[in-house]
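Down below is the structure, laid out as C-alpha cells.
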Amino acid sequence: MGIKNLSQVIADNAASALKLNEMKTYFGRKVAIDASMCLYQFLIAVRQDGSQLQSEDGETTSHLMGMFYRTIRMIDNGIKPVYVFDGKPPDMKSGELEKRTEKRAEAEKQLVEAREKGDAKEVDKFERRLVKVTKQQNEEVKKLLQLMGVPLVEAPCEAEAQCAALVRHGKVFATATEDMDALTFGSNMLLRHMTFSEAKKMPIKEFNLARVLEEMEVTMEQFVDLCILLGCDYCGTIRGIGPKKALELIKQHKDIETILENIDQTKYPPPEDWPYKRARELFLQPDVANDDDITLNWKEPDVEGIVEFMCGEKNFNEDRIRSSLSRMQKSRNAGTQGRIDSFFTVSAQVKCTTAAKRKAAEEKEKAKKGAAKGKAGGPPAKRRPK
Amino acid sequence: MFEAKLANAALLKKIVEAIKDLVTDAPFDCSESAMCLQAMDSSHVALVSLKLEVGMFDTYRCDRTINLGLSLANMSKALKCANNDDTCMIKYEENDGDSITFTFADVKRDKTQDVTVKMMDIDSEHLGIPDQSYSVVCEMPASEFQKTCKDLATFSDSLNITATKAGIVFTGKGDIGTSVVTYSPSSNSDDESESVSLEVKRSSQPTALSDRVRLSLCNEVPVVVEYPIEDNGYLRFYLAPKIDDEENMD
C-alpha cells in the first residue's frame, strides 16, 4: 500500500518537511479524507473484546462507530472534513490487487489452520488480515455522512488522487490518509493519524511536499520517479535498489530512463516490460473529477435521522449518540475562529541557525560525503537567511 | 555584528512582557534600518508584528541583515535583571558563539551587568501583510481598552466589536450573562459601520507600552490592535476574526 519506505526516506533526507502537531492546530482547515482507507482502519481497529462491533442482527457496525465518533472529534477540533471514496481501481493496479487476493487466500488458509490448533491470538491476527470493506458498508457510511451534513466526493478512480487534486486546486488544505502516495499524486500537504482514536494520543504527522522537494533537491517529476523506484501500487521495482540507492540514482541521473541506461542491468535487473512510464503518467495525470463539479457544503446535521439510523437500525445507544451530536452542534454553532495565516500568505522563510547546529549539520554532511568516497568538494553554501 | 543601545531597559521589558504569553520563540530580524519581529501564536490566530526603528536607539550598528532567534521567556528572565532606568545594550557577535549579550548600565551608580542569553534554532515563516484600507480606525486610551477586554473576558471567550458613527460597542456574551461597553466618539468620524468578532483572551494583551491604542477594523479581515512606541516604532497585534458559517461553514 502506498509507497514503500517513503516516510522513512523523507525523515532521513528532508526532516524539515515533517512536523508533529496536535489535532487542534488544524482548526478552521478543510481536510480531504481518504474514506476507503479509514473505513478499513475502523473495521480493523474499532473492536470490543477482539471482535468487531455488531448490531442485534449480527451485522458489523465498527465502521459506523468509527466514522461517527472520529468525524465528530475532527469537527470538535474545528476541522472541516470531506470524505473521498474510491472509484474503480486503475487497470495498472491489477497486479497489486492480484497480489492482495493471493495474500488473502493465504491468510484464509492460515486462519483455518489456526482455528484447528485453537490458537486464539493467531486466529485474531488472520481474521484482521481478512477484513474487507463491503459495498454495503460503504453505502451505510455514505448515508451516515449525508445525515451528518458532511460532504463526500466520489472519485472516478483512486481516492488519494482525488484528494490530492482537491488540495492542488485549493479546495481543501490537506489530504488525511495513511497512504503516502497522496504526496506522489501531488498533494502538497499530507496528514497522517487524523482518523486515529483519541485514546491513542497520536499527534498528527504533517508532510509538506514543497519542502520535501526543496530539501531533497528534486523536481516533482524526479520525485515521482523516486517513488516508483521505491515501490508503488502500480508496477514493480528494480531488484537490488533500496531507498538509499534509489535517491542517489535519481539525483545523479534525474529520471528512470537515464538510470536504466547507466546501471548494470545484470546486477540490477528491472522487471520485464516494466510499465514505469504508465505509472509515472498515472501519478502526474491521474483520473480525477472535474473541479467545477465539486462543491463542498457542510450542512446542519439531521439529528432525528441519525438517531433513527444509528439507534433504530444499528442498535447504538441513543443517549450517547444524542450527547455526541449536541457536542458537535455546539462546536458548529460557536462559529469558526479564523486563522491568521489564511488572511496573510507566507512571504518568506526565516531560519535562525545557531553555530552549534550548523556545525552538527556540517559534520553530518561530511560523514555522508565520506561514505560516498569523498568525491564531492566542500560542503554546499549555507543558505543565507533573508 | 549587531549592536544596539536603548536608553531605557524598561521599554524592551514591556515589549517582551506584552508578547511572551503569545509567542514562545521568535526571530528578531535586525537590518540596517530597524529591528523587527514577526511571529504567530501557536494556534495561528494572532500575529505579532514589532518594529523598532533606528531612531529609537541611542546607538545602532548592524553590519548585515541577521535573524536572531530567541526564546522570549529567556529574554524576559534576562530583562528582569535590569532596573527600569538602566540603559540596555543588545549585542551579538558572530564569533561569540550562540548567545546574545544584554548589558544593563546604571550610569549614576557606575554599575554594569552583562547577561547572556542562548539563541534558539528557529524555522518559521514570515507572512506578507497586504495593504488594507480599514473602514473604521479609532484610538482610545490603552488602559481603557485593557479594562474593557478584561471585563468582557469574565463573561465570554469571544468579543464582538461593533463600530458605527454613533460610537463603538464591545459585547461579550456568554452562558452566565452579557456585558456591553459603549463608547461615543469624542471627535467626529466619517467611518462606516463594522462588526467584528474576536477571541477575547488574545486581544487583551496588557500593554504598558503606550498611553493610546489604535484599533483598525474592517469586515472579514483581521483586526489590528496597534500600540505606537515613541515616534519610531510600533507593536501590532493582528487578530483573525471569527467566521460565521451559516451556509457552508465558510
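Residue names in the C-alpha cells use chain letters A, B, ... in the order shown, residue numbers from 1 in each chain, and ligand numbers from 1 in the order shown.
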- request: Select residues of chain B: the criterion is any atom within 10 Å of an atom of chain A, counting only C-alpha atoms; output as an MDAnalysis selection string.
  value: chainID B and resid 26:29 40:47 65:70 94:99 118:130 158 197:199 220:222 238:250
query: Hey, what's within 12 Å of A:Glu139 if we count only C-alpha atoms and toss same-chain stuff fewer than 5 positions away? As a list in words, please?
result: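 The contact residues come out as Ala35, Ser36, Leu39, His63, Leu64, Phe85, Val133, Thr134, Leu144, Leu145, Gln146, Leu152 and Glu154 of chain A.
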- prompt: What gap, in Å, lies between atom CA of B:Ile100 and atom CA of B:Ile15?
  reply: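 Result for atom CA of B:Ile100 versus atom CA of B:Ile15: 17.5 Å, one decimal.
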message: Just the number, please: distance in Å from atom CA of A:Gln265 to atom CA of A:Arg280, one decimal.
response: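 Straight-line distance from atom CA of A:Gln265 to atom CA of A:Arg280 works out to 20.8 Å.
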Which of stretch 40-173 of chain A DSSP labels strand (DSSP E or B), written as a PDB file with all heavy atoms, in the first residue's frame:
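The resulting file, out-v9.pdb, is reproduced below:
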ATOM      1  N   ARG A  47     -12.917  -2.266  17.903  1.00  0.00           N
ATOM      2  CA  ARG A  47     -13.314  -3.595  18.345  1.00  0.00           C
ATOM      3  C   ARG A  47     -13.574  -3.630  19.819  1.00  0.00           C
ATOM      4  O   ARG A  47     -13.128  -2.794  20.575  1.00  0.00           O
ATOM      5  CB  ARG A  47     -12.196  -4.603  18.026  1.00  0.00           C
ATOM      6  CG  ARG A  47     -12.282  -5.114  16.617  1.00  0.00           C
ATOM      7  CD  ARG A  47     -10.998  -5.743  16.179  1.00  0.00           C
ATOM      8  NE  ARG A  47     -11.068  -5.963  14.747  1.00  0.00           N
ATOM      9  CZ  ARG A  47     -11.235  -7.161  14.205  1.00  0.00           C
ATOM     10  NH1 ARG A  47     -11.325  -8.238  14.945  1.00  0.00           N
ATOM     11  NH2 ARG A  47     -11.312  -7.285  12.897  1.00  0.00           N
ATOM     12  N   GLN A  48     -14.317  -4.670  20.193  1.00  0.00           N
ATOM     13  CA  GLN A  48     -14.544  -4.881  21.605  1.00  0.00           C
ATOM     14  C   GLN A  48     -14.232  -6.340  21.876  1.00  0.00           C
ATOM     15  O   GLN A  48     -14.694  -7.218  21.148  1.00  0.00           O
ATOM     16  CB  GLN A  48     -16.006  -4.580  21.930  1.00  0.00           C
ATOM     17  CG  GLN A  48     -16.190  -4.145  23.349  1.00  0.00           C
ATOM     18  CD  GLN A  48     -17.576  -3.557  23.541  1.00  0.00           C
ATOM     19  OE1 GLN A  48     -18.504  -3.892  22.819  1.00  0.00           O
ATOM     20  NE2 GLN A  48     -17.731  -2.683  24.506  1.00  0.00           N
ATOM     21  N   SER A  51     -13.400  -8.658  18.889  1.00  0.00           N
ATOM     22  CA  SER A  51     -14.215  -8.854  17.680  1.00  0.00           C
ATOM     23  C   SER A  51     -14.893  -7.551  17.286  1.00  0.00           C
ATOM     24  O   SER A  51     -15.011  -6.624  18.080  1.00  0.00           O
ATOM     25  CB  SER A  51     -15.251  -9.944  17.910  1.00  0.00           C
ATOM     26  OG  SER A  51     -16.074  -9.584  18.996  1.00  0.00           O
ATOM     27  N   GLN A  52     -15.343  -7.499  16.036  1.00  0.00           N
ATOM     28  CA  GLN A  52     -15.962  -6.276  15.548  1.00  0.00           C
ATOM     29  C   GLN A  52     -17.282  -6.019  16.266  1.00  0.00           C
ATOM     30  O   GLN A  52     -17.920  -6.943  16.757  1.00  0.00           O
ATOM     31  CB  GLN A  52     -16.222  -6.409  14.048  1.00  0.00           C
ATOM     32  CG  GLN A  52     -14.948  -6.386  13.243  1.00  0.00           C
ATOM     33  CD  GLN A  52     -15.203  -6.612  11.788  1.00  0.00           C
ATOM     34  OE1 GLN A  52     -16.200  -7.199  11.410  1.00  0.00           O
ATOM     35  NE2 GLN A  52     -14.289  -6.150  10.953  1.00  0.00           N
ATOM     36  N   GLN A  54     -21.121  -5.380  16.598  1.00  0.00           N
ATOM     37  CA  GLN A  54     -22.225  -5.874  15.779  1.00  0.00           C
ATOM     38  C   GLN A  54     -23.546  -5.360  16.291  1.00  0.00           C
ATOM     39  O   GLN A  54     -23.704  -5.079  17.469  1.00  0.00           O
ATOM     40  CB  GLN A  54     -22.236  -7.406  15.815  1.00  0.00           C
ATOM     41  CG  GLN A  54     -21.038  -7.994  15.112  1.00  0.00           C
ATOM     42  CD  GLN A  54     -21.082  -9.486  15.055  1.00  0.00           C
ATOM     43  OE1 GLN A  54     -21.674 -10.131  15.918  1.00  0.00           O
ATOM     44  NE2 GLN A  54     -20.468 -10.049  14.033  1.00  0.00           N
ATOM     45  N   THR A  60     -21.972  -6.132  11.138  1.00  0.00           N
ATOM     46  CA  THR A  60     -20.861  -5.352  11.667  1.00  0.00           C
ATOM     47  C   THR A  60     -21.218  -3.866  11.718  1.00  0.00           C
ATOM     48  O   THR A  60     -21.834  -3.345  10.786  1.00  0.00           O
ATOM     49  CB  THR A  60     -19.645  -5.538  10.762  1.00  0.00           C
ATOM     50  OG1 THR A  60     -19.356  -6.922  10.711  1.00  0.00           O
ATOM     51  CG2 THR A  60     -18.456  -4.789  11.276  1.00  0.00           C
ATOM     52  N   LYS A  80     -12.866  20.856   9.160  1.00  0.00           N
ATOM     53  CA  LYS A  80     -13.996  20.554   8.289  1.00  0.00           C
ATOM     54  C   LYS A  80     -13.632  19.388   7.380  1.00  0.00           C
ATOM     55  O   LYS A  80     -12.894  19.570   6.410  1.00  0.00           O
ATOM     56  CB  LYS A  80     -14.341  21.770   7.441  1.00  0.00           C
ATOM     57  CG  LYS A  80     -14.745  22.957   8.267  1.00  0.00           C
ATOM     58  CD  LYS A  80     -14.906  24.149   7.372  1.00  0.00           C
ATOM     59  CE  LYS A  80     -14.876  25.421   8.163  1.00  0.00           C
ATOM     60  NZ  LYS A  80     -14.753  26.558   7.256  1.00  0.00           N
ATOM     61  N   PRO A  81     -14.128  18.204   7.689  1.00  0.00           N
ATOM     62  CA  PRO A  81     -13.737  17.038   6.897  1.00  0.00           C
ATOM     63  C   PRO A  81     -14.559  16.878   5.618  1.00  0.00           C
ATOM     64  O   PRO A  81     -15.735  17.242   5.580  1.00  0.00           O
ATOM     65  CB  PRO A  81     -14.010  15.864   7.848  1.00  0.00           C
ATOM     66  CG  PRO A  81     -15.066  16.359   8.780  1.00  0.00           C
ATOM     67  CD  PRO A  81     -14.991  17.855   8.816  1.00  0.00           C
ATOM     68  N   VAL A  82     -13.915  16.381   4.584  1.00  0.00           N
ATOM     69  CA  VAL A  82     -14.579  15.971   3.341  1.00  0.00           C
ATOM     70  C   VAL A  82     -14.152  14.536   3.113  1.00  0.00           C
ATOM     71  O   VAL A  82     -12.955  14.249   3.163  1.00  0.00           O
ATOM     72  CB  VAL A  82     -14.047  16.767   2.131  1.00  0.00           C
ATOM     73  CG1 VAL A  82     -14.829  16.409   0.881  1.00  0.00           C
ATOM     74  CG2 VAL A  82     -14.047  18.241   2.387  1.00  0.00           C
ATOM     75  N   TYR A  83     -15.083  13.635   2.884  1.00  0.00           N
ATOM     76  CA  TYR A  83     -14.680  12.246   2.644  1.00  0.00           C
ATOM     77  C   TYR A  83     -14.663  11.950   1.146  1.00  0.00           C
ATOM     78  O   TYR A  83     -15.589  12.307   0.424  1.00  0.00           O
ATOM     79  CB  TYR A  83     -15.612  11.290   3.374  1.00  0.00           C
ATOM     80  CG  TYR A  83     -15.326  11.247   4.856  1.00  0.00           C
ATOM     81  CD1 TYR A  83     -15.970  12.112   5.736  1.00  0.00           C
ATOM     82  CD2 TYR A  83     -14.378  10.374   5.367  1.00  0.00           C
ATOM     83  CE1 TYR A  83     -15.683  12.094   7.092  1.00  0.00           C
ATOM     84  CE2 TYR A  83     -14.084  10.339   6.721  1.00  0.00           C
ATOM     85  CZ  TYR A  83     -14.737  11.207   7.579  1.00  0.00           C
ATOM     86  OH  TYR A  83     -14.449  11.185   8.913  1.00  0.00           O
ATOM     87  N   VAL A  84     -13.582  11.325   0.709  1.00  0.00           N
ATOM     88  CA  VAL A  84     -13.454  10.975  -0.700  1.00  0.00           C
ATOM     89  C   VAL A  84     -13.444   9.456  -0.844  1.00  0.00           C
ATOM     90  O   VAL A  84     -12.638   8.773  -0.204  1.00  0.00           O
ATOM     91  CB  VAL A  84     -12.158  11.575  -1.300  1.00  0.00           C
ATOM     92  CG1 VAL A  84     -12.044  11.218  -2.767  1.00  0.00           C
ATOM     93  CG2 VAL A  84     -12.137  13.078  -1.109  1.00  0.00           C
ATOM     94  N   PHE A  85     -14.376   8.943  -1.649  1.00  0.00           N
ATOM     95  CA  PHE A  85     -14.491   7.496  -1.828  1.00  0.00           C
ATOM     96  C   PHE A  85     -13.822   7.044  -3.124  1.00  0.00           C
ATOM     97  O   PHE A  85     -13.869   7.750  -4.134  1.00  0.00           O
ATOM     98  CB  PHE A  85     -15.971   7.101  -1.830  1.00  0.00           C
ATOM     99  CG  PHE A  85     -16.594   7.158  -0.463  1.00  0.00           C
ATOM    100  CD1 PHE A  85     -17.030   8.364   0.067  1.00  0.00           C
ATOM    101  CD2 PHE A  85     -16.715   6.013   0.304  1.00  0.00           C
ATOM    102  CE1 PHE A  85     -17.587   8.426   1.339  1.00  0.00           C
ATOM    103  CE2 PHE A  85     -17.262   6.061   1.578  1.00  0.00           C
ATOM    104  CZ  PHE A  85     -17.705   7.265   2.090  1.00  0.00           C
ATOM    105  N   LEU A 152     -19.302  14.593   0.804  1.00  0.00           N
ATOM    106  CA  LEU A 152     -18.483  13.490   0.312  1.00  0.00           C
ATOM    107  C   LEU A 152     -18.320  13.594  -1.195  1.00  0.00           C
ATOM    108  O   LEU A 152     -19.163  14.125  -1.897  1.00  0.00           O
ATOM    109  CB  LEU A 152     -19.039  12.130   0.734  1.00  0.00           C
ATOM    110  CG  LEU A 152     -20.499  11.785   0.517  1.00  0.00           C
ATOM    111  CD1 LEU A 152     -20.649  10.992  -0.760  1.00  0.00           C
ATOM    112  CD2 LEU A 152     -20.997  10.965   1.687  1.00  0.00           C
ATOM    113  N   VAL A 153     -17.196  13.091  -1.656  1.00  0.00           N
ATOM    114  CA  VAL A 153     -16.852  13.170  -3.069  1.00  0.00           C
ATOM    115  C   VAL A 153     -16.606  11.753  -3.570  1.00  0.00           C
ATOM    116  O   VAL A 153     -15.931  10.972  -2.903  1.00  0.00           O
ATOM    117  CB  VAL A 153     -15.565  14.020  -3.268  1.00  0.00           C
ATOM    118  CG1 VAL A 153     -15.115  13.986  -4.714  1.00  0.00           C
ATOM    119  CG2 VAL A 153     -15.786  15.454  -2.809  1.00  0.00           C
ATOM    120  N   GLU A 154     -17.197  11.427  -4.722  1.00  0.00           N
ATOM    121  CA  GLU A 154     -16.939  10.116  -5.321  1.00  0.00           C
ATOM    122  C   GLU A 154     -15.846  10.297  -6.356  1.00  0.00           C
ATOM    123  O   GLU A 154     -16.036  10.963  -7.363  1.00  0.00           O
ATOM    124  CB  GLU A 154     -18.202   9.593  -6.014  1.00  0.00           C
ATOM    125  CG  GLU A 154     -19.423   9.589  -5.128  1.00  0.00           C
ATOM    126  CD  GLU A 154     -19.776   8.204  -4.626  1.00  0.00           C
ATOM    127  OE1 GLU A 154     -18.976   7.271  -4.868  1.00  0.00           O
ATOM    128  OE2 GLU A 154     -20.841   8.055  -3.997  1.00  0.00           O
TER     129      GLU A 154
END
- line: B:Lys165 proximity check over B:Leu152, B:Val16, B:Val136, B:Val213, using only C-alpha atoms: winner is B:Val136
- prompt: So which one's closest to B:Ile90, B:Val225, B:Ala73, B:Val181, B:Ala7? Using only C-alpha atoms, please.
  reply: B:Ala7
query: Interatomic distance between atom CA of B:Lys13 and atom CA of B:Leu217?
result: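 Going from atom CA of B:Lys13 over to atom CA of B:Leu217 covers 28.4 Å.
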message: Env of A:Val46: 12 Å cut, atoms = only C-alpha atoms, seq-sep filter 5 positions within chain, self excluded. Answer as a list in words.
response: Cys38, Leu39, Tyr40, Gln41, Ser51, Gln52, Leu53, Gln54, Thr60, Thr61, Ser62, His63, Leu64, Met65, Gly66, Met67, Phe68, Tyr69, Arg70, Arg128, Thr195, Phe196, Ser197 and Ala199 of chain A
